[in-house]
Amino acid sequence: MDYSIGTYVFGDWRIVRDIGQGSFGYVYELEKNQYDVTAHSALKVIRIPTTKGELDEAISEMGTKEEAVAYFEEYVSQMVKEISIMNSLKGNPHIVTCEDYTVVSSPEKTQWEILIRMELLTPLDQYIQKQGGKLDEQTVIRLGKELSTALAVCEEKKIIHRDIKPANIFVTEDGSFKLGDFGVARTLEQTTKSYSKKGTQVYMAPEILADKKYNSTVDLYSLGLVMYRLVNRNRMPFLPLTAGPIKMTEREEAFVKRYRGEPFPDPAEASAALTYVIKKACAFDPQKRYQTADDMKTDLDNLSLLPHMTINEDDAKTFVDPSVLEKHIALKKEERATSIAADDEKTYAGTSERKQRSEKNLPVKEEIVYDFSVDQKKTKLKKGTVIALIIAVLAIAACV
């Protein structure tokens, strides 16, 4: 089918601009005029197989044209099912709306074109360029919240996107962020075992790359990587932050480090609080990541929280600024560490003042201990006792 400027699709929608090539097809801008009102939309065209050469290669591998055609026809069927995923998510403010779709086959029935009409939005990278080449931290936080909201909806429907990257994040006219392109999405049931590696490797979770079992936390990992890049001078983890082009060897080394699970360096331009959230989302061990999108959004909503009352060192649910938490834990450890000898600990712990301070989580007064050796046996005395002994000795001397 011809998709040149001026061509009509979906009845009265006219192609007015060639936007470019996306992850799985070509994208055009559509326009519709009705009752002096002009509406705009986007058209994505996915060809299966993409070229005649791809069909010839399939015939060579499978032996017959019929088998190759049957293979591609099944692929078309799967793609249509995945388009229905987008329809099931319609109405969410942070997921791109699929407004219509159709499938057109060539006269020979050897190639198919899937036409998807959806919202006309600005891709994230283009939006960033319009903002001067970077986003401020508050905007990155908002992006994380809004896409976490979208992923929470996906979790409810047991959908794993698997291809979260800047090219699949879009921005509305009012600056809201939306998740799009569910072209490689699979339902949770299909991904409980290694099903495929479709997706973009640079943002892909390590367990997918390693052909291991995975779940919806892979989407949170990818979202964390997108956010990392946005607050790290547009660089992925382990890449040099110095100005200038990045060498291919540097990209490969950075990828290997991430794949092996080396701890990420802190992003260059993120607060301690946002760094905590990003690194938790990108934890190498899936069990140490946020387990739900709602959990991640909750922390993004509460970045300014400070610890109140007591903080459990093992508490992974209540977020606090990591630098504050670190200082708080150090203080608690210092409070617990006294210079009281271990064999007298039980005696001192029984005093009412110590008990009250312990219950109120207040520092225990440090007690200075003096050691006197008598017949090879150590006797420990408090400072007050030592002073009393000295006074008594002086009084006796005066009487003499």
# chains A, B, ... in the order shown; residues from 1 in each chain; ligands from 1
call {"tool": "residues_around", "arguments": {"residues": "region 169-178 of chain A", "least_positions_apart": "4", "cutoff": "8 Å", "atoms": "only C-alpha atoms", "output": "VMD selection string"}}
result
chain A and resid 93 to 96 121 to 124 127 143 146 to 147 150 164 to 165
call {"tool": "select_by_dssp", "arguments": {"residues": "region 116-154 of chain A", "states": "strand (DSSP E or B)", "output": "ChimeraX atom specification"}}
result
/A:116-118,122-123
call {"tool": "write_last_selection", "arguments": {"atoms": "N, CA and C atoms", "output": "short mmCIF file (atom, residue, chain, number, x, y, z; two decimals), in the first residue's frame"}}
result
data_model
loop_
_atom_site.label_atom_id
_atom_site.label_comp_id
_atom_site.auth_asym_id
_atom_site.auth_seq_id
_atom_site.Cartn_x
_atom_site.Cartn_y
_atom_site.Cartn_z
N ILE A 116 -1.97 0.79 12.73
CA ILE A 116 -2.45 1.15 14.07
C ILE A 116 -2.56 2.68 14.14
N ARG A 117 -3.75 3.15 14.47
CA ARG A 117 -3.94 4.60 14.66
C ARG A 117 -3.97 4.88 16.15
N MET A 118 -3.14 5.82 16.58
CA MET A 118 -3.01 6.13 18.01
C MET A 118 -2.82 7.62 18.22
N THR A 122 4.67 13.47 21.46
CA THR A 122 6.09 13.76 21.23
C THR A 122 6.95 12.70 21.91
N PRO A 123 7.87 12.05 21.18
CA PRO A 123 8.77 11.10 21.83
C PRO A 123 9.63 11.80 22.88
#
call {"tool": "closest_residue", "arguments": {"among": "A:Val140, A:Glu74, A:Glu156, A:Ala210", "to": "Val277 (chain A)", "atoms": "only C-alpha atoms"}}
result
A:Val140
call {"tool": "closest_atom_pairs", "arguments": {"of": "region 105-141 of chain A", "to": "region 34-48 of chain A", "cutoff": "7 Å", "atoms": "only C-alpha atoms", "output": "CSV"}}
result
residue,atom,partner,partner_atom,distance
A:Gln111,CA,A:Ile48,CA,5.7
A:Trp112,CA,A:Ile48,CA,5.2
A:Glu113,CA,A:Arg47,CA,4.5
A:Ile114,CA,A:Ile46,CA,5.1
A:Leu115,CA,A:Val45,CA,4.8
A:Ile116,CA,A:Lys44,CA,5.1
A:Arg117,CA,A:Leu43,CA,4.6
A:Met118,CA,A:Ala42,CA,5.2
A:Glu119,CA,A:Ser41,CA,5.2
A:Leu120,CA,A:Ser41,CA,4.7
call {"tool": "closest_residue", "arguments": {"among": "A:Gln201, A:Ser105, A:Asn33, A:Thr7", "to": "Arg258 (chain A)", "atoms": "only C-alpha atoms"}}
result
A:Gln201
call {"tool": "residues_around", "arguments": {"residues": "Ala268 (chain A)", "least_positions_apart": "4", "cutoff": "9 Å", "atoms": "only C-alpha atoms", "output": "PyMOL selection string"}}
result
chain A and resi 231-233+241
call {"tool": "closest_atom_pairs", "arguments": {"of": "region 259-288 of chain A", "to": "region 292-296 of chain A", "cutoff": "12 Å", "atoms": "only C-alpha atoms", "output": "Markdown table"}}
result
| residue | atom | partner | partner_atom | distance |
| --- | --- | --- | --- | --- |
| A:Leu274 | CA | A:Met296 | CA | 11.0 |
| A:Tyr276 | CA | A:Met296 | CA | 10.8 |
| A:Val277 | CA | A:Met296 | CA | 7.3 |
| A:Ile278 | CA | A:Met296 | CA | 9.2 |
| A:Lys279 | CA | A:Met296 | CA | 11.3 |
| A:Lys280 | CA | A:Met296 | CA | 8.9 |
| A:Ala281 | CA | A:Met296 | CA | 7.5 |
| A:Cys282 | CA | A:Met296 | CA | 11.3 |
| A:Pro286 | CA | A:Thr292 | CA | 11.3 |
| A:Gln287 | CA | A:Thr292 | CA | 11.0 |
| A:Lys288 | CA | A:Thr292 | CA | 11.5 |
call {"tool": "write_last_selection", "arguments": {"atoms": "all heavy atoms", "output": "PDB file, in the first residue's frame"}}
result
ATOM      1  N   LEU A 274      16.620  10.446  45.468  1.00  0.00           N
ATOM      2  CA  LEU A 274      16.307   9.893  44.145  1.00  0.00           C
ATOM      3  C   LEU A 274      17.296   8.800  43.772  1.00  0.00           C
ATOM      4  O   LEU A 274      16.920   7.797  43.147  1.00  0.00           O
ATOM      5  CB  LEU A 274      16.311  10.998  43.094  1.00  0.00           C
ATOM      6  CG  LEU A 274      15.930  10.566  41.668  1.00  0.00           C
ATOM      7  CD1 LEU A 274      14.556   9.904  41.642  1.00  0.00           C
ATOM      8  CD2 LEU A 274      15.963  11.759  40.714  1.00  0.00           C
ATOM      9  N   TYR A 276      18.626   6.699  45.787  1.00  0.00           N
ATOM     10  CA  TYR A 276      18.173   5.496  46.487  1.00  0.00           C
ATOM     11  C   TYR A 276      17.092   4.774  45.685  1.00  0.00           C
ATOM     12  O   TYR A 276      17.143   3.556  45.494  1.00  0.00           O
ATOM     13  CB  TYR A 276      17.641   5.888  47.863  1.00  0.00           C
ATOM     14  CG  TYR A 276      16.956   4.764  48.604  1.00  0.00           C
ATOM     15  CD1 TYR A 276      17.678   3.894  49.413  1.00  0.00           C
ATOM     16  CD2 TYR A 276      15.581   4.569  48.483  1.00  0.00           C
ATOM     17  CE1 TYR A 276      17.046   2.860  50.092  1.00  0.00           C
ATOM     18  CE2 TYR A 276      14.945   3.536  49.159  1.00  0.00           C
ATOM     19  CZ  TYR A 276      15.672   2.694  49.954  1.00  0.00           C
ATOM     20  OH  TYR A 276      15.042   1.669  50.605  1.00  0.00           O
ATOM     21  N   VAL A 277      16.108   5.526  45.217  1.00  0.00           N
ATOM     22  CA  VAL A 277      14.990   4.919  44.480  1.00  0.00           C
ATOM     23  C   VAL A 277      15.484   4.282  43.190  1.00  0.00           C
ATOM     24  O   VAL A 277      15.127   3.142  42.856  1.00  0.00           O
ATOM     25  CB  VAL A 277      13.910   5.983  44.173  1.00  0.00           C
ATOM     26  CG1 VAL A 277      12.836   5.405  43.263  1.00  0.00           C
ATOM     27  CG2 VAL A 277      13.278   6.475  45.463  1.00  0.00           C
ATOM     28  N   ILE A 278      16.304   5.003  42.446  1.00  0.00           N
ATOM     29  CA  ILE A 278      16.806   4.492  41.163  1.00  0.00           C
ATOM     30  C   ILE A 278      17.616   3.224  41.371  1.00  0.00           C
ATOM     31  O   ILE A 278      17.436   2.226  40.659  1.00  0.00           O
ATOM     32  CB  ILE A 278      17.641   5.566  40.448  1.00  0.00           C
ATOM     33  CG1 ILE A 278      16.735   6.706  39.961  1.00  0.00           C
ATOM     34  CG2 ILE A 278      18.413   4.973  39.280  1.00  0.00           C
ATOM     35  CD1 ILE A 278      17.484   7.896  39.396  1.00  0.00           C
ATOM     36  N   LYS A 279      18.515   3.232  42.348  1.00  0.00           N
ATOM     37  CA  LYS A 279      19.369   2.059  42.563  1.00  0.00           C
ATOM     38  C   LYS A 279      18.575   0.859  43.070  1.00  0.00           C
ATOM     39  O   LYS A 279      18.902  -0.292  42.749  1.00  0.00           O
ATOM     40  CB  LYS A 279      20.494   2.406  43.534  1.00  0.00           C
ATOM     41  CG  LYS A 279      21.551   3.329  42.926  1.00  0.00           C
ATOM     42  CD  LYS A 279      22.600   3.676  43.952  1.00  0.00           C
ATOM     43  CE  LYS A 279      23.960   3.292  43.447  1.00  0.00           C
ATOM     44  NZ  LYS A 279      25.028   3.583  44.402  1.00  0.00           N
ATOM     45  N   LYS A 280      17.536   1.127  43.837  1.00  0.00           N
ATOM     46  CA  LYS A 280      16.694   0.013  44.285  1.00  0.00           C
ATOM     47  C   LYS A 280      15.921  -0.572  43.109  1.00  0.00           C
ATOM     48  O   LYS A 280      15.803  -1.794  42.976  1.00  0.00           O
ATOM     49  CB  LYS A 280      15.730   0.470  45.372  1.00  0.00           C
ATOM     50  CG  LYS A 280      14.879  -0.674  45.921  1.00  0.00           C
ATOM     51  CD  LYS A 280      14.114  -0.275  47.165  1.00  0.00           C
ATOM     52  CE  LYS A 280      13.308  -1.454  47.701  1.00  0.00           C
ATOM     53  NZ  LYS A 280      12.577  -1.133  48.938  1.00  0.00           N
ATOM     54  N   ALA A 281      15.411   0.274  42.236  1.00  0.00           N
ATOM     55  CA  ALA A 281      14.699  -0.212  41.049  1.00  0.00           C
ATOM     56  C   ALA A 281      15.620  -1.036  40.164  1.00  0.00           C
ATOM     57  O   ALA A 281      15.186  -2.001  39.531  1.00  0.00           O
ATOM     58  CB  ALA A 281      14.117   0.964  40.269  1.00  0.00           C
ATOM     59  N   CYS A 282      16.906  -0.666  40.132  1.00  0.00           N
ATOM     60  CA  CYS A 282      17.876  -1.327  39.250  1.00  0.00           C
ATOM     61  C   CYS A 282      18.721  -2.377  39.969  1.00  0.00           C
ATOM     62  O   CYS A 282      19.801  -2.731  39.476  1.00  0.00           O
ATOM     63  CB  CYS A 282      18.796  -0.286  38.614  1.00  0.00           C
ATOM     64  SG  CYS A 282      17.970   0.876  37.523  1.00  0.00           S
ATOM     65  N   PRO A 286      16.581  -9.511  41.551  1.00  0.00           N
ATOM     66  CA  PRO A 286      15.179  -9.098  41.441  1.00  0.00           C
ATOM     67  C   PRO A 286      14.458  -9.017  42.785  1.00  0.00           C
ATOM     68  O   PRO A 286      13.546  -8.212  42.945  1.00  0.00           O
ATOM     69  CB  PRO A 286      14.561 -10.191  40.550  1.00  0.00           C
ATOM     70  CG  PRO A 286      15.705 -10.728  39.769  1.00  0.00           C
ATOM     71  CD  PRO A 286      16.878 -10.665  40.689  1.00  0.00           C
ATOM     72  N   GLN A 287      14.871  -9.823  43.758  1.00  0.00           N
ATOM     73  CA  GLN A 287      14.232  -9.815  45.070  1.00  0.00           C
ATOM     74  C   GLN A 287      14.526  -8.531  45.854  1.00  0.00           C
ATOM     75  O   GLN A 287      13.793  -8.185  46.784  1.00  0.00           O
ATOM     76  CB  GLN A 287      14.688 -11.026  45.885  1.00  0.00           C
ATOM     77  CG  GLN A 287      14.261 -12.361  45.296  1.00  0.00           C
ATOM     78  CD  GLN A 287      12.750 -12.480  45.208  1.00  0.00           C
ATOM     79  OE1 GLN A 287      12.033 -12.109  46.140  1.00  0.00           O
ATOM     80  NE2 GLN A 287      12.253 -13.003  44.093  1.00  0.00           N
ATOM     81  N   LYS A 288      15.592  -7.827  45.470  1.00  0.00           N
ATOM     82  CA  LYS A 288      15.965  -6.600  46.171  1.00  0.00           C
ATOM     83  C   LYS A 288      15.396  -5.359  45.493  1.00  0.00           C
ATOM     84  O   LYS A 288      15.592  -4.247  45.984  1.00  0.00           O
ATOM     85  CB  LYS A 288      17.491  -6.498  46.273  1.00  0.00           C
ATOM     86  CG  LYS A 288      18.094  -7.581  47.155  1.00  0.00           C
ATOM     87  CD  LYS A 288      19.595  -7.428  47.276  1.00  0.00           C
ATOM     88  CE  LYS A 288      20.176  -8.518  48.184  1.00  0.00           C
ATOM     89  NZ  LYS A 288      21.650  -8.399  48.319  1.00  0.00           N
TER      90      LYS A 288
END
call {"tool": "select_by_dssp", "arguments": {"residues": "region 103-223 of chain A", "states": "helix (DSSP H, G or I)", "output": "VMD selection string"}}
result
chain A and resid 124 to 130 137 to 156 166 to 168 188 to 191 201 to 203 206 to 209 217 to 223
call {"tool": "atom_distance", "arguments": {"atom1": "CA of Glu269 (chain A)", "atom2": "CA of Leu300 (chain A)"}}
result
16.5 Å
call {"tool": "residues_around", "arguments": {"residues": "Ala70 (chain A)", "least_positions_apart": "2", "cutoff": "12 Å", "atoms": "only C-alpha atoms", "output": "PyMOL selection string"}}
result
chain A and resi 48-49+55+58-59+62+64-68+72-77+109-112
